[in-house]
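As structure tokens, the structure follows; a few thoughts come after it.
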Amino acid sequence: MMAGNWEPLTFIRRRGGQSQLDEANWALERSEAAARKLKAQGVNLVVTNFYKGFGLKTEASDIDATRRFVEYAHRHGLRVGGYIGASMMYETFFDEEPAADDWKQVDERGGPVYYHPSQPYRYMACRNNPGYHAFLEKLMRMGVEDLKLDLIHFDQMESWPEPDTCRCRFCRAQFLDFLRAKYTSDERVARFGFDRVDRMTPPAFGPFIASAAPELVNPLMQDWVEFRAASYAKRYAEYDAFLARLNPGVALEGNPNLDPSLNKAVRNAVDAGRLLEHGDIVWSEEPQQASWTSDGRLISKIRSFKLARIMGKSLFVYTGGRYGAASPDSPPHLRLAEAMAFNDNNLGMVGDVTPDGVDLTPQARAYIDFFNSHQSELAGTNSLADVAVLHSYPAVEFNPSKALVDTVLFEQSLIQAHIPFHIILERHLQDLSRYKVLVLAGQDALSDANVERIRRFVADGGGLVLAGNVATMTEWRVRRGKSAFDALQGRVSRIPAIVPSVEPPPARLNYRFENRCWQTPRNHSELIAAVRSAAPGPMPVQVDAPPSVALELVDQPATGRRLLHLVNYDFRHPLANVPVAIAGSGAVRITIESPDEPGKQTLAVTAHNNELSFRIPRLSTYALVTITR
């Protein structure tokens with residue numbers, strides 16, 4: 001449970017637009033009294049300022065305030081994370097570090113990459129530059145050994161979209177090394193038509209981006225996208241290893257913004273399958289704030305939670321304090337309910353630090369108290385699902401207006417039909433034994449090796465749902481002529497197309513499938529029927545509730561318990577007497593608790609045909625059902 005105040009006073013002043021109250025409160029937010037109040041509210045982690053980019057001398061007084069606050073926080077049982085930004089405020093930093101002028105990112109036009117047009121005094125630094133990398137190691141050592149931080153937060157653990165990506169001499173040289181290492185001579189001929197790469201340079205994306213091309217087929221452009229994502233993952237792995245050598249008890253966290261509405265590798269050099277191999281926690285500042293809309297859309301961060309969990313990570317998200325937390329349609333207690341249900345025992349950032357702790361609504365306080373008092377149920381759980389939805393990198397990234405759209409819409413159907421599912425990446429195709437059904441929604445590009453893995457899954461009795469254009473291309477987006485699964489026999493359901501209810505945005509390479517389009521597809525019922533038909537048996541849980549309800553089923557290996565989280569996104573309309581059936585048999589005790597209701601209730605259970613049936617007496621916003629043998 002985290003609170004944050006990571007802007008140094010130096011930056012607040014240089015940025016401008018602050019209030020007199022901001023300056024007056026800055027030191028108070030970093031006082032022992034604030035630490036004491038945060039602890040009393042249940043907060044156990046504060047992410048505060050460490051290094052913004054002005055230089056260690058320029059930010060010395062800001063860093064001193066953090067050093068003192070760490071002492072206060074540790075005295076009161078709080079842990080502290082330190083923020084490290086990826087921009088360089090050249091007005092001061094280049095005086096302190098003259099070599100840093102060589103560390104800035106250089107775009108395809110030869111100019112510097114700025115953090116934002118409104119802040120042209122901030123150059124983005126290149127993580128591939130060895131000088132900047134050495135400076136970051138210096139910062140990490142200072143944070144661990146001097147400030148005694150418990151967590152290092154790397155902001156901007158992503159690239160800006162093309163054409164504003166770095167093409168400095170280090171990126172250019174490393175790109176050629178990447179091409180040489182990735183392909184043999186014969187493979188380069190098959191890929192490019194020739195085996196020489198020495199004169200290859202990072203391709204220019206500006207005109208191509210402007211043309212709104214729907215699909216990326218240029219092989220060098222594909223490889224440049226992969227190189228950028230692989231580079232960010234490699235640097236993050238190096239930070240992880242360096243921190244482990246300094247102190248393995250210090251956590252690493254980065255902010256790549258796992259926004260499921262974007263093709264993140266193309267746009268931001270973020271390949272979750274690579275990046276999330278490393279670090280301990282990940283931040284997502286996406287705009288998908290929990291809500292139920294008047295046109296029947298369940299807006300959520302469920303996809304991002306699932307993506308993080310399949311990679312063994314949890315998420316920091318804004319559950320209070322900023323980014324619309326005051327919205328009546330997405331109040332903090334609904335966001336906290338979503339995090340409690342789908343995140344891995346992590347409520348995210350519950351608010352900004354103030355001199356009085358964090359500003360919490362009464363309902364948010366009740367949820368935080370519930371979270372802290374139910375650690376025996378919430379810790380050490382694994383998400384259970386019989387259905388997996390594949391995100392194929394060459395499909396989602398290089399043809400997003402089809403593959404990304406189809407995938408998000410199929411997932412939306414599963415969420416609103418109360419079917420538990422996992423999001424998986426290509427790496428997870430190596431072992432599909434835990435699933436009964438695999439969904440391929442618009443995944444038009446699959447390697448021959450992955451096609452064979454999926455065929456074996458079906459041959460072993462697994463169910464397969466093919467929706468839209470699937471496996472008609474290789475991972476290089478070379479056309480096969482027909483789907484690799486055309487002749488596949490077994491438990492296979494085929495759906496010609498996923499039909500959007502809202503027209504998606506026009507095709508383009510830097511794509512955003514906005515949540516205004518997240519209505520369930522027109523053929524929603526057909527999609528759900530296909531999943532049920534492909535499964536060799538019933539789903540592990542069935543809930544007869546409106547589509548505004550989402551669920552997560554988990555187990556707790558240490559205790560043998562199963563737990564069912566229920567979230568009613570239409571929180572203004574509580575539900576009563578909701579039927580639930582869970583696969584299982586034998587004597588069990590089923591209880592229900594909620595921060596919305598007093599006490600714990602034991603529910604009456606009916607066992608029949610390997611199914612346990614019971615009813616939820618009331619679901620306001622959130623309920624936790626515990627099944628104990």
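Quick note on naming: the chains in the structure tokens go A, B, ... in the order shown, residues restart at 1 in each chain, and ligands are numbered from 1 in order of appearance.
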Inset, instruction - Considering only C-alpha atoms, return as a PyMOL selection string whatever protein or nucleic-acid residues lie within 9 Å of Ser330 of chain A, sequence-local ones (same chain, fewer than 6 positions apart) excluded. - result: chain A and resi 289-292+324+569
Inset, instruction - Go through segment 249-359 of chain A and collect every residue that DSSP, computed from the backbone, puts in helix (DSSP H, G or I); the answer should be as a list in words. - result: Lys264, Ala265, Val266, Arg267, Asn268, Ala272, Gly273, Arg274, Leu275, Ile302, Arg303, Ser304, Phe305, Lys306, Leu307, Ala308, Arg309, Ile310, Pro332, His333, Leu334, Arg335, Leu336, Ala337, Glu338, Ala339, Met340, Ala341 and Phe342 of chain A
Inset, instruction - May I have all residues of segment 294-509 of chain A that DSSP, computed from the backbone, assigns to strand (DSSP E), given as a ChimeraX atom specification? - result: /A:298-299,314-316,349-352,382-383,387-391,421-425,437-441,463-467,492-495
Legend entry - Nearest to Trp6 of chain A, chosen from A:Val46, A:Leu147, A:Val470, A:Cys171, with only C-alpha atoms counted in the distances: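 Selected residue with least distance to Trp6 of chain A: A:Val46.
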Legend entry - Test item: residues at most 12 Å from Phe614 of chain A, only C-alpha atoms, excluding those fewer than 5 positions along its chain, as number ranges by chain: A: 541-544, 577-583, 588-592, 602-608, 625, 627
Save out the residues we just selected, N, CA, C and O atoms, as a compact mmCIF listing (two decimals), in the first residue's frame.
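Listed below is the output, part.txt:
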# COMPACT_ATOMS: atom_id res chain seq x y z
N VAL A 541 -15.85 -21.73 -12.41
CA VAL A 541 -16.81 -20.97 -11.61
C VAL A 541 -17.84 -20.36 -12.56
O VAL A 541 -17.52 -19.97 -13.68
N GLN A 542 -19.08 -20.34 -12.10
CA GLN A 542 -20.15 -19.72 -12.87
C GLN A 542 -20.92 -18.79 -11.95
O GLN A 542 -21.32 -19.20 -10.85
N VAL A 543 -21.11 -17.58 -12.39
CA VAL A 543 -21.81 -16.57 -11.60
C VAL A 543 -22.93 -15.98 -12.44
O VAL A 543 -22.68 -15.51 -13.56
N ASP A 544 -24.13 -16.05 -11.94
CA ASP A 544 -25.29 -15.50 -12.64
C ASP A 544 -25.49 -14.06 -12.19
O ASP A 544 -26.24 -13.78 -11.26
N ASN A 577 -28.69 -11.80 -3.61
CA ASN A 577 -29.05 -13.20 -3.88
C ASN A 577 -28.47 -13.68 -5.21
O ASN A 577 -29.17 -14.25 -6.05
N VAL A 578 -27.16 -13.47 -5.40
CA VAL A 578 -26.49 -13.80 -6.66
C VAL A 578 -26.08 -15.28 -6.66
O VAL A 578 -25.31 -15.71 -5.80
N PRO A 579 -26.57 -16.09 -7.62
CA PRO A 579 -26.20 -17.52 -7.66
C PRO A 579 -24.76 -17.71 -8.14
O PRO A 579 -24.30 -17.09 -9.09
N VAL A 580 -24.05 -18.64 -7.46
CA VAL A 580 -22.68 -18.98 -7.81
C VAL A 580 -22.55 -20.50 -7.78
O VAL A 580 -23.11 -21.17 -6.91
N ALA A 581 -21.81 -21.05 -8.73
CA ALA A 581 -21.48 -22.48 -8.74
C ALA A 581 -19.98 -22.62 -8.98
O ALA A 581 -19.44 -22.01 -9.91
N ILE A 582 -19.32 -23.41 -8.14
CA ILE A 582 -17.88 -23.62 -8.25
C ILE A 582 -17.62 -25.12 -8.38
O ILE A 582 -18.24 -25.93 -7.67
N ALA A 583 -16.73 -25.49 -9.27
CA ALA A 583 -16.40 -26.90 -9.44
C ALA A 583 -15.78 -27.44 -8.16
O ALA A 583 -14.92 -26.81 -7.55
N VAL A 588 -17.24 -28.70 2.59
CA VAL A 588 -16.54 -27.42 2.57
C VAL A 588 -17.27 -26.42 3.45
O VAL A 588 -18.46 -26.58 3.77
N ARG A 589 -16.53 -25.39 3.83
CA ARG A 589 -17.13 -24.24 4.51
C ARG A 589 -16.90 -23.03 3.62
O ARG A 589 -15.76 -22.75 3.22
N ILE A 590 -17.96 -22.32 3.30
CA ILE A 590 -17.87 -21.15 2.43
C ILE A 590 -18.33 -19.93 3.21
O ILE A 590 -19.44 -19.92 3.75
N THR A 591 -17.46 -18.93 3.26
CA THR A 591 -17.78 -17.70 3.97
C THR A 591 -17.66 -16.52 3.01
O THR A 591 -16.99 -16.60 1.96
N ILE A 592 -18.29 -15.42 3.38
CA ILE A 592 -18.22 -14.20 2.58
C ILE A 592 -17.98 -13.02 3.50
O ILE A 592 -18.53 -12.94 4.61
N THR A 602 -21.39 -17.21 7.01
CA THR A 602 -21.22 -18.56 6.47
C THR A 602 -22.41 -18.86 5.57
O THR A 602 -23.56 -18.66 5.96
N LEU A 603 -22.13 -19.31 4.36
CA LEU A 603 -23.17 -19.50 3.36
C LEU A 603 -23.62 -20.95 3.30
O LEU A 603 -22.83 -21.88 3.50
N ALA A 604 -24.89 -21.14 3.02
CA ALA A 604 -25.43 -22.49 2.80
C ALA A 604 -24.96 -23.00 1.46
O ALA A 604 -24.99 -22.29 0.45
N VAL A 605 -24.50 -24.27 1.42
CA VAL A 605 -23.91 -24.84 0.22
C VAL A 605 -24.68 -26.10 -0.18
O VAL A 605 -25.02 -26.93 0.66
N THR A 606 -24.90 -26.22 -1.48
CA THR A 606 -25.50 -27.43 -2.05
C THR A 606 -24.47 -28.09 -2.95
O THR A 606 -23.92 -27.44 -3.84
N ALA A 607 -24.20 -29.39 -2.72
CA ALA A 607 -23.25 -30.13 -3.54
C ALA A 607 -24.00 -31.07 -4.47
O ALA A 607 -24.85 -31.85 -4.02
N HIS A 608 -23.69 -30.99 -5.77
CA HIS A 608 -24.37 -31.84 -6.75
C HIS A 608 -23.52 -31.95 -8.00
O HIS A 608 -23.07 -30.94 -8.56
N VAL A 625 -15.09 -14.28 -1.18
CA VAL A 625 -15.66 -15.57 -0.81
C VAL A 625 -14.50 -16.54 -0.57
O VAL A 625 -13.61 -16.67 -1.41
N ILE A 627 -13.40 -20.48 0.29
CA ILE A 627 -13.84 -21.88 0.28
C ILE A 627 -12.77 -22.70 0.99
O ILE A 627 -11.62 -22.79 0.54
